[in-house]
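Step one of this worksheet: look at the structure below.
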Amino acid sequence: MATRMFPEMPTASSLLTAYASVSAFVMLVRTMFEQLVPLRLQNNAINLVKHYWKSSELIIDIEEKDGYNPNEMFNAAEVFLATKINQDSKRLRITKSLKEKHINIKLAESEEIVDSFEGVKVTWKYRSQQQKQLSANGFVPEKKYLELKFDNKKIGIIKDSYLPFIIEKAEEIKIQKKAAQLHNLRSQESGPFSYKQTVDLNHPSTFETLAMDQKLKKEIMDDLDRFVKRKDYYERVGKAWKRGYLLYGPPGTGKSSLIAAMANHLKFDVFDLQLMNVKDDSSLKDIILETSNRSILVIEDIDCSIMPDRKEPSSSSESRRDDPKFTLSGLLNFIDGLWSCCGDERIIVFTTNHKERLDPALLRPGRMDMHINMSYLTMDGFKTLAANYLNIHDDHRRFREIKQLIKSKKVTPAEVAEELMKSDNVEVALEGLVKFLKRKRARDDEDSE
Ligand SMILES: Nc1ncnc2c1ncn2[C@@H]1O[C@H](COP(=O)(O)OP(=O)(O)OP(=O)(O)O)[C@@H](O)[C@H]1O
Ligand SMILES: [Mg+2]
């Protein structure tokens, strides 16, 4: 009956026979394995099978130092992990060097951070360990390292994607934090070497605080953003990766402020080339070679510091120290030559108060990529200044009157900014500005009579 109801069910005796033959086979394989494969290989093979059978954790130690050298992977991971710190963290460390403006938040020892990348869960832990040997100066050095733990089967993703991703991210974060620097470039009087003086570019000017035509402002920002993204394009067309801007306009309209805003926006260093102080071609070359990638080379007031192309250099007997020594095309060719061999992401900016005095060579298409007119203040620009200095973000009852006064007279952003700074009280400051603008109008009318 039972066999009829479950026709496939094996009988007890057939099961026993099958078991006997399977175990005989296993015994046979095992004996063969033990006899034919040397002991060391046997262990390896067993470990290999275990390894594939059961996944286990792999721990990578990323040490702070590689011998005496800093380990870039450690630094990058620290920077990256600072962005992963969250409210679950219980203990953190804070550091700040003399030069840094920001504080750095880091993991405290043994604190864990869990991250996940392409579906792989990883755990980070900061650790340190007292070294056994004393260093030369008698200190017991500490070995610091980050511990990265993950499923050992995912080593490929970690090594080929996650760690490179962290290096890239850290680079981006470092650029964000970096203060743009200002370098003054000139020849040194007493010696053959060029001279570079460096300070942090502490100029607060940004595109947000810059009073100028909104449309033009956006055009400039878009142009800069496009420029920095086009590495591949410049490589493909075989051109040096550089861009040139000519800023022109009367004093106090924000040419230097625009340069600072560009530097702050891109986090580029500024190299201020004081051409008047450069003796000759060879010191110019030394100086230009001091400039770094991701930088803005600035030559201010070129109508005064550059010779027109057609004029021959004056003979040494009649030349004065302050005479311009370089022609524009000479200078541009020179810089092009140096940058095409060893320059990336370079911007060059010329400024002038008198565009009409410039050599036509500079104005020819292709010489400078963008000509930017920094003009007298418009109402649009005034509103930016009112927001910056007085925190006025909407309309104000005095704006109509001010609009008329600004329109009828040429007034620079610098003049208006100075008036607005005179009081924190909105009414007092605007009253002062109106008085100033009226005085200016009366004076100008007198002058023109
Ligand atoms: N467009 C502007 N937006 C905001 N502030 C401005 C602007 N223009 C001038 N200022 C204010 O006036 C000061 C002087 O301006 P800035 O040095 O940028 O003018 P400039 O055009 O470079 O003048 P110069 O031709 O004399 O070099 C700035 O520090 C800033 O406070
Ligand atoms: Mg200036």
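Each chain in the structure tokens gets a letter, A, B and so on, in the order shown; residues start at 1 in every chain, and ligands are counted from 1 in the order they appear.
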
field: Shell of 9 Å around ligand 1 (only C-alpha atoms and all ligand atoms), written as a PyMOL selection string
entry: chain A and resi 203-207+209-213+247-260+300-301+351-353+374-377+381-382+384-385+388+412-418

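Here the strand (DSSP E or B) residues in segment 279-426 of chain A, by DSSP on the backbone, are Ser295, Ile296, Leu297, Val298, Ile299, Met307, Thr327, Arg346, Ile347, Ile348, Val349, Phe350, Thr351, Thr352, Pro365, Met368, Met370, His371, Ile372 and Asn373 of chain A.
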
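For the residues A:Glu111, A:Asp272, A:Glu72, A:Glu63, ranking by smallest atom-to-atom distance to ligand 2 using only C-alpha atoms and all ligand atoms places A:Asp272 first.
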
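Of the listed residues (A:Ile302, A:Asn277, A:Tyr233, A:Lys410), A:Ile302 comes nearest to ligand 2; the distances count only C-alpha atoms and all ligand atoms.
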
message: My list of candidates is A:Gln274, A:Asn152, A:Thr291, A:Thr123. Which is closest to Phe350 of chain A when distances are computed with only C-alpha atoms?
response: A:Gln274

- request: Please provide as JSON, numbers by chain all residues within 9 Å of Ala170 of chain A, with the sequence filter that same-chain residues fewer than 2 positions apart are discarded (counting only C-alpha atoms).
  value: {"A": [75, 76, 77, 78, 79, 80, 165, 166, 167, 168, 172, 173, 174, 175]}

Could you save the residues just selected, with C-alpha atoms, as a PDB file, in the first residue's frame?
ATOM      1  CA  ASN A  75      45.345  62.024   4.505  1.00  0.00           C
ATOM      2  CA  ALA A  76      42.684  61.614   1.848  1.00  0.00           C
ATOM      3  CA  ALA A  77      40.732  59.155   4.003  1.00  0.00           C
ATOM      4  CA  GLU A  78      40.860  61.519   7.004  1.00  0.00           C
ATOM      5  CA  VAL A  79      39.521  64.392   4.913  1.00  0.00           C
ATOM      6  CA  PHE A  80      36.859  62.165   3.396  1.00  0.00           C
ATOM      7  CA  PHE A 165      36.972  57.650  -5.239  1.00  0.00           C
ATOM      8  CA  ILE A 166      38.116  58.782  -1.777  1.00  0.00           C
ATOM      9  CA  ILE A 167      41.298  60.345  -3.161  1.00  0.00           C
ATOM     10  CA  GLU A 168      39.269  62.267  -5.720  1.00  0.00           C
ATOM     11  CA  GLU A 172      37.724  68.348  -4.160  1.00  0.00           C
ATOM     12  CA  ILE A 173      37.250  69.083  -0.464  1.00  0.00           C
ATOM     13  CA  LYS A 174      40.785  70.435  -0.132  1.00  0.00           C
ATOM     14  CA  ILE A 175      40.192  72.807  -3.062  1.00  0.00           C
TER      15      ILE A 175
END

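Here the question is which of A:Gly238, A:Glu446, A:Lys422, A:Val349 gets nearest to ligand 2 using only C-alpha atoms and all ligand atoms, and that residue is A:Val349.
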
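Ranking A:Leu107, A:Val298, A:Leu284, A:Val228 by their shortest atom-to-atom distance to ligand 2, with only C-alpha atoms and all ligand atoms included, puts A:Val298 first.
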
task: Determine, counting only C-alpha atoms, which protein, DNA and RNA residues have an atom within 12 Å of an atom of Tyr145 of chain A; residues of the same chain fewer than 2 positions away are not included. Present the result as a PyMOL selection string.
output: chain A and resi 59-66+70-71+73-75+77-78+107-110+124-130+142-143+147-148
